[in-house]
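Scroll down for the structure; my scribbles are underneath it.
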Amino acid sequence: MSKCDINLIYYRSLPSTNTELRRLAAAGAPEGTAVVATVQTAGRGRMGRKFVSPAGGLYMSLLLRPESTDVLRITSAAAVAAARTVKAEFGIDCGIKWVNDLYLDGKKVCGILTEASYSSPGSPDYAVVGIGLNLSYPEGGFPEELRDIAGSIGVKCDRDTLIETAERIALTLVDTYRDPSLFIDEYRARSTVIGKDIYVISDGIAVKARATGVDDGCGLIVETEKGTEILRSGEISIRPR
């Protein structure tokens with residue numbers, strides 16, 4: 001049983017679902033409010049990057065009002081919620097690349113951006129979790145610069161199926177994000193990087209490492225020439241840079 005109701009607001013197109021939901025959150029919208037669009041014209045990704053959001057995707061943002069914000073934990077729970085839903089709705093298994101991307105057949109099919117808001121130090125006012133899932137390939141394919149990176153789960157959804165999928169992701173995330181024991185084992189099992197050589201990116205510098213596990217706080221455990229580290233933020237790559 002869900003801890004709260006999902007109030008889903010659907011748009012055919014928005015500049016950014018995160019931006020729209022932040023506006024609603026500031027006006028007092030409750031946890032479980034979700035904004036869904038089939039196109040974003042100004043989608044955002046991590047590190048200030050543009051998030052390409054053409055027709056053929058599911059772009060949603062969910063409002064959470066946690067007692068304390070652990071963005072890493074929330075983002076990890078969101079990745080599992082999206083992967084579980086894709087499996088339940090479409091029978092497709094996706095892997096998770098720490099911390100926030102879903103992969104299928106070596107290509108990224110989903111990205112997640114969690115943004116927290118504080119009016120004062122301490123507990124957050126709210127957190128907005130944006131999830132962009134490539135359901136089908138856009139007409140004409142992805143832009144040239146993304147064709148070797150971006151993929152799709154390969155399904156076409158009508159409006160009702162899209163909304164049902166968004167609601168299922170939202171319900172799963174609301175029910176699990178406060179308790180890592182409800183998702184951490186699946187997060188580890190779906191990892192595409194545990195046991196592999198990776199590159200840890202910091203200030204534009206790539207350091208070779210080996211990912212050896214994910215701790216109970218969703219941090220990535222890596223071995224470098226300097227010893228063991230636990231990453232709680234930042235970026236990794238499986239390709240040399």
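Labels for the structure tokens follow display order: chains A, B, ..., residues from 1 in each chain, ligands from 1.
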What lies within 9 Å of Tyr10 of chain A using only C-alpha atoms, ignoring chain neighbours under 6 positions off, as a PDB file with N, CA, C and O atoms, in the first residue's frame?
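So result_8.pdb came out as:
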ATOM      1  N   ALA A  34       3.112  14.648  -9.459  1.00  0.00           N
ATOM      2  CA  ALA A  34       3.991  14.289 -10.578  1.00  0.00           C
ATOM      3  C   ALA A  34       3.574  15.047 -11.819  1.00  0.00           C
ATOM      4  O   ALA A  34       2.385  15.231 -12.081  1.00  0.00           O
ATOM      5  N   VAL A  35       4.563  15.485 -12.584  1.00  0.00           N
ATOM      6  CA  VAL A  35       4.341  16.163 -13.861  1.00  0.00           C
ATOM      7  C   VAL A  35       4.922  15.277 -14.955  1.00  0.00           C
ATOM      8  O   VAL A  35       6.062  14.815 -14.846  1.00  0.00           O
ATOM      9  N   VAL A  36       4.140  15.038 -15.992  1.00  0.00           N
ATOM     10  CA  VAL A  36       4.545  14.154 -17.085  1.00  0.00           C
ATOM     11  C   VAL A  36       4.370  14.878 -18.413  1.00  0.00           C
ATOM     12  O   VAL A  36       3.377  15.579 -18.622  1.00  0.00           O
ATOM     13  N   ALA A  37       5.329  14.713 -19.318  1.00  0.00           N
ATOM     14  CA  ALA A  37       5.232  15.276 -20.661  1.00  0.00           C
ATOM     15  C   ALA A  37       5.767  14.270 -21.664  1.00  0.00           C
ATOM     16  O   ALA A  37       6.589  13.407 -21.332  1.00  0.00           O
ATOM     17  N   THR A  38       5.299  14.387 -22.901  1.00  0.00           N
ATOM     18  CA  THR A  38       5.821  13.526 -23.960  1.00  0.00           C
ATOM     19  C   THR A  38       6.944  14.192 -24.741  1.00  0.00           C
ATOM     20  O   THR A  38       7.642  13.528 -25.519  1.00  0.00           O
ATOM     21  N   ILE A 163       0.887   7.137 -19.127  1.00  0.00           N
ATOM     22  CA  ILE A 163       0.486   7.616 -17.802  1.00  0.00           C
ATOM     23  C   ILE A 163       0.546   6.484 -16.782  1.00  0.00           C
ATOM     24  O   ILE A 163       1.015   6.676 -15.650  1.00  0.00           O
TER      25      ILE A 163
END
Secondary structure check, strand (DSSP E) residues of segment 90-226 of chain A, as a ChimeraX atom specification = /A:95-97,101-104,107-117,126-134,197-202,205-214,220-224
For the residues selected in the previous step, produce a file with N, CA and C atoms as a short mmCIF file (atom, residue, chain, number, x, y, z; two decimals), in the first residue's frame.
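Done, and the output landed in part_27.cif:
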data_model
loop_
_atom_site.label_atom_id
_atom_site.label_comp_id
_atom_site.auth_asym_id
_atom_site.auth_seq_id
_atom_site.Cartn_x
_atom_site.Cartn_y
_atom_site.Cartn_z
N GLY A 95 20.04 -2.47 -17.05
CA GLY A 95 21.09 -2.35 -16.06
C GLY A 95 21.17 -0.92 -15.56
N ILE A 96 21.86 -0.72 -14.42
CA ILE A 96 22.02 0.61 -13.85
C ILE A 96 23.51 0.96 -13.81
N LYS A 97 23.86 2.06 -14.44
CA LYS A 97 25.22 2.61 -14.35
C LYS A 97 25.21 3.67 -13.25
N ASP A 101 21.85 6.31 -14.35
CA ASP A 101 21.48 5.99 -15.73
C ASP A 101 21.05 4.54 -15.88
N LEU A 102 20.02 4.30 -16.70
CA LEU A 102 19.64 2.95 -17.08
C LEU A 102 20.21 2.65 -18.46
N TYR A 103 20.74 1.44 -18.60
CA TYR A 103 21.35 1.02 -19.86
C TYR A 103 20.70 -0.26 -20.37
N LEU A 104 20.62 -0.35 -21.70
CA LEU A 104 20.12 -1.54 -22.37
C LEU A 104 20.99 -1.76 -23.61
N LYS A 107 23.64 0.89 -24.33
CA LYS A 107 23.28 2.28 -24.59
C LYS A 107 22.36 2.82 -23.49
N LYS A 108 22.48 4.12 -23.25
CA LYS A 108 21.69 4.77 -22.21
C LYS A 108 20.24 4.93 -22.67
N VAL A 109 19.30 4.45 -21.85
CA VAL A 109 17.89 4.57 -22.18
C VAL A 109 17.12 5.41 -21.17
N CYS A 110 17.77 5.80 -20.08
CA CYS A 110 17.09 6.58 -19.05
C CYS A 110 18.11 7.36 -18.24
N GLY A 111 17.78 8.62 -17.97
CA GLY A 111 18.60 9.46 -17.09
C GLY A 111 17.75 10.04 -15.98
N ILE A 112 18.38 10.33 -14.85
CA ILE A 112 17.67 10.81 -13.66
C ILE A 112 18.38 12.04 -13.11
N LEU A 113 17.61 13.05 -12.75
CA LEU A 113 18.15 14.27 -12.15
C LEU A 113 17.34 14.59 -10.90
N THR A 114 18.00 14.57 -9.73
CA THR A 114 17.36 14.92 -8.47
C THR A 114 17.81 16.31 -8.04
N GLU A 115 16.85 17.19 -7.76
CA GLU A 115 17.14 18.55 -7.34
C GLU A 115 16.43 18.82 -6.01
N ALA A 116 17.21 19.23 -4.99
CA ALA A 116 16.65 19.53 -3.67
C ALA A 116 16.60 21.04 -3.47
N SER A 117 15.63 21.50 -2.68
CA SER A 117 15.48 22.93 -2.41
C SER A 117 15.46 23.17 -0.91
N TYR A 126 11.86 20.40 -0.15
CA TYR A 126 11.37 19.34 -1.03
C TYR A 126 12.51 18.86 -1.91
N ALA A 127 12.26 17.75 -2.59
CA ALA A 127 13.17 17.25 -3.63
C ALA A 127 12.33 16.91 -4.85
N VAL A 128 12.83 17.27 -6.00
CA VAL A 128 12.18 16.95 -7.27
C VAL A 128 13.06 15.94 -8.01
N VAL A 129 12.46 14.81 -8.41
CA VAL A 129 13.19 13.77 -9.12
C VAL A 129 12.70 13.73 -10.56
N GLY A 130 13.59 14.08 -11.49
CA GLY A 130 13.26 14.04 -12.90
C GLY A 130 13.76 12.75 -13.53
N ILE A 131 12.90 12.09 -14.30
CA ILE A 131 13.24 10.83 -14.95
C ILE A 131 12.90 10.94 -16.43
N GLY A 132 13.88 10.73 -17.28
CA GLY A 132 13.66 10.74 -18.72
C GLY A 132 13.94 9.36 -19.28
N LEU A 133 12.91 8.71 -19.82
CA LEU A 133 12.99 7.33 -20.29
C LEU A 133 12.70 7.28 -21.79
N ASN A 134 13.65 6.77 -22.56
CA ASN A 134 13.46 6.62 -24.01
C ASN A 134 12.65 5.36 -24.28
N ASP A 197 36.54 -2.27 -14.83
CA ASP A 197 37.41 -1.09 -14.84
C ASP A 197 36.61 0.10 -15.34
N ILE A 198 36.77 1.23 -14.65
CA ILE A 198 36.04 2.45 -15.00
C ILE A 198 37.01 3.63 -14.93
N TYR A 199 36.49 4.81 -15.21
CA TYR A 199 37.23 6.06 -15.05
C TYR A 199 36.41 6.98 -14.15
N VAL A 200 37.04 7.49 -13.11
CA VAL A 200 36.40 8.45 -12.23
C VAL A 200 36.76 9.85 -12.73
N ILE A 201 35.73 10.65 -13.03
CA ILE A 201 35.94 11.97 -13.63
C ILE A 201 35.83 13.04 -12.55
N SER A 202 36.87 13.83 -12.38
CA SER A 202 36.86 14.91 -11.40
C SER A 202 37.63 16.10 -11.97
N ILE A 205 39.47 15.59 -15.14
CA ILE A 205 40.56 14.60 -15.15
C ILE A 205 39.98 13.21 -14.91
N ALA A 206 40.36 12.25 -15.75
CA ALA A 206 39.88 10.88 -15.64
C ALA A 206 40.94 10.02 -14.95
N VAL A 207 40.53 9.37 -13.86
CA VAL A 207 41.43 8.49 -13.12
C VAL A 207 40.91 7.06 -13.24
N LYS A 208 41.79 6.16 -13.68
CA LYS A 208 41.38 4.77 -13.85
C LYS A 208 41.16 4.13 -12.49
N ALA A 209 40.10 3.33 -12.40
CA ALA A 209 39.75 2.66 -11.14
C ALA A 209 39.02 1.36 -11.47
N ARG A 210 38.78 0.59 -10.43
CA ARG A 210 37.96 -0.61 -10.58
C ARG A 210 36.81 -0.53 -9.60
N ALA A 211 35.60 -0.67 -10.10
CA ALA A 211 34.42 -0.64 -9.24
C ALA A 211 34.25 -2.00 -8.59
N THR A 212 34.21 -2.02 -7.26
CA THR A 212 34.15 -3.30 -6.56
C THR A 212 32.83 -3.53 -5.82
N GLY A 213 32.01 -2.50 -5.68
CA GLY A 213 30.74 -2.71 -4.98
C GLY A 213 30.01 -1.41 -4.74
N VAL A 214 28.83 -1.53 -4.14
CA VAL A 214 28.02 -0.39 -3.72
C VAL A 214 27.72 -0.57 -2.25
N LEU A 220 29.54 4.30 -4.46
CA LEU A 220 30.26 3.34 -5.28
C LEU A 220 31.66 3.12 -4.70
N ILE A 221 31.98 1.87 -4.42
CA ILE A 221 33.28 1.51 -3.87
C ILE A 221 34.24 1.25 -5.03
N VAL A 222 35.35 1.98 -5.05
CA VAL A 222 36.31 1.83 -6.14
C VAL A 222 37.71 1.63 -5.58
N GLU A 223 38.51 0.93 -6.34
CA GLU A 223 39.92 0.74 -6.02
C GLU A 223 40.75 1.52 -7.05
N THR A 224 41.60 2.41 -6.54
CA THR A 224 42.52 3.14 -7.41
C THR A 224 43.94 2.83 -6.94
#
ask   = So what do you get for atom CA of Glu139 of chain A versus atom CA of Ala83 of chain A, distance-wise?
value =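 Interatomic distance here is 24.4 Å.
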query = What lies within 8 Å of Leu171 of chain A using only C-alpha atoms, ignoring chain neighbours under 3 positions off, as a PyMOL selection string?
reply = chain A and resi 2+6+32+167-168+174-175
Selected residues, all heavy atoms, written as a PDB file, in the first residue's frame, please.
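Result went into out-v4.pdb, see below:
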ATOM      1  N   SER A   2       0.580   2.160  -0.895  1.00  0.00           N
ATOM      2  CA  SER A   2       1.392   3.366  -0.999  1.00  0.00           C
ATOM      3  C   SER A   2       1.184   4.275   0.193  1.00  0.00           C
ATOM      4  O   SER A   2       0.099   4.345   0.773  1.00  0.00           O
ATOM      5  CB  SER A   2       1.036   4.123  -2.283  1.00  0.00           C
ATOM      6  OG  SER A   2       1.777   5.308  -2.377  1.00  0.00           O
ATOM      7  N   ILE A   6      -0.764   9.476  -5.693  1.00  0.00           N
ATOM      8  CA  ILE A   6      -0.045  10.123  -6.782  1.00  0.00           C
ATOM      9  C   ILE A   6      -1.024  11.047  -7.513  1.00  0.00           C
ATOM     10  O   ILE A   6      -2.074  10.610  -7.982  1.00  0.00           O
ATOM     11  CB  ILE A   6       0.546   9.097  -7.757  1.00  0.00           C
ATOM     12  CG1 ILE A   6       1.513   8.143  -7.020  1.00  0.00           C
ATOM     13  CG2 ILE A   6       1.258   9.798  -8.903  1.00  0.00           C
ATOM     14  CD1 ILE A   6       2.682   8.826  -6.348  1.00  0.00           C
ATOM     15  N   GLY A  32       4.122  13.289  -3.847  1.00  0.00           N
ATOM     16  CA  GLY A  32       3.343  12.446  -4.744  1.00  0.00           C
ATOM     17  C   GLY A  32       2.812  13.189  -5.949  1.00  0.00           C
ATOM     18  O   GLY A  32       2.272  12.572  -6.868  1.00  0.00           O
ATOM     19  N   GLU A 167       2.841   6.522 -13.409  1.00  0.00           N
ATOM     20  CA  GLU A 167       2.257   6.317 -12.084  1.00  0.00           C
ATOM     21  C   GLU A 167       2.937   5.158 -11.354  1.00  0.00           C
ATOM     22  O   GLU A 167       3.173   5.244 -10.141  1.00  0.00           O
ATOM     23  CB  GLU A 167       0.764   6.055 -12.201  1.00  0.00           C
ATOM     24  CG  GLU A 167      -0.050   7.282 -12.562  1.00  0.00           C
ATOM     25  CD  GLU A 167      -1.530   6.994 -12.678  1.00  0.00           C
ATOM     26  OE1 GLU A 167      -1.893   5.825 -12.960  1.00  0.00           O
ATOM     27  OE2 GLU A 167      -2.323   7.930 -12.497  1.00  0.00           O
ATOM     28  N   ARG A 168       3.274   4.123 -12.086  1.00  0.00           N
ATOM     29  CA  ARG A 168       3.910   2.960 -11.451  1.00  0.00           C
ATOM     30  C   ARG A 168       5.311   3.312 -10.962  1.00  0.00           C
ATOM     31  O   ARG A 168       5.722   2.907  -9.865  1.00  0.00           O
ATOM     32  CB  ARG A 168       3.964   1.793 -12.437  1.00  0.00           C
ATOM     33  CG  ARG A 168       4.389   0.481 -11.805  1.00  0.00           C
ATOM     34  CD  ARG A 168       4.017  -0.673 -12.701  1.00  0.00           C
ATOM     35  NE  ARG A 168       4.201  -1.947 -12.013  1.00  0.00           N
ATOM     36  CZ  ARG A 168       3.619  -3.082 -12.390  1.00  0.00           C
ATOM     37  NH1 ARG A 168       2.795  -3.089 -13.430  1.00  0.00           N
ATOM     38  NH2 ARG A 168       3.835  -4.196 -11.729  1.00  0.00           N
ATOM     39  N   VAL A 174       8.003   6.441  -4.250  1.00  0.00           N
ATOM     40  CA  VAL A 174       7.453   6.963  -2.988  1.00  0.00           C
ATOM     41  C   VAL A 174       7.491   5.894  -1.901  1.00  0.00           C
ATOM     42  O   VAL A 174       7.766   6.184  -0.734  1.00  0.00           O
ATOM     43  CB  VAL A 174       6.020   7.486  -3.207  1.00  0.00           C
ATOM     44  CG1 VAL A 174       5.298   7.692  -1.883  1.00  0.00           C
ATOM     45  CG2 VAL A 174       6.046   8.794  -3.984  1.00  0.00           C
ATOM     46  N   ASP A 175       7.243   4.654  -2.282  1.00  0.00           N
ATOM     47  CA  ASP A 175       7.177   3.570  -1.299  1.00  0.00           C
ATOM     48  C   ASP A 175       8.538   3.066  -0.840  1.00  0.00           C
ATOM     49  O   ASP A 175       8.615   2.345   0.154  1.00  0.00           O
ATOM     50  CB  ASP A 175       6.388   2.390  -1.879  1.00  0.00           C
ATOM     51  CG  ASP A 175       4.890   2.631  -1.867  1.00  0.00           C
ATOM     52  OD1 ASP A 175       4.447   3.639  -1.278  1.00  0.00           O
ATOM     53  OD2 ASP A 175       4.145   1.814  -2.451  1.00  0.00           O
TER      54      ASP A 175
END
task = Output as a list of chain:residue names all residues of segment 6-80 of chain A that backbone DSSP marks as alpha helix (DSSP H).
result =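 Taking segment 6-80 of chain A and keeping alpha helix (DSSP H) gives A:Thr17, A:Asn18, A:Thr19, A:Glu20, A:Leu21, A:Arg22, A:Arg23, A:Leu24, A:Ala25, A:Ala26, A:Val71, A:Leu72, A:Arg73, A:Ile74, A:Thr75, A:Ser76, A:Ala77, A:Ala78, A:Ala79, A:Val80.
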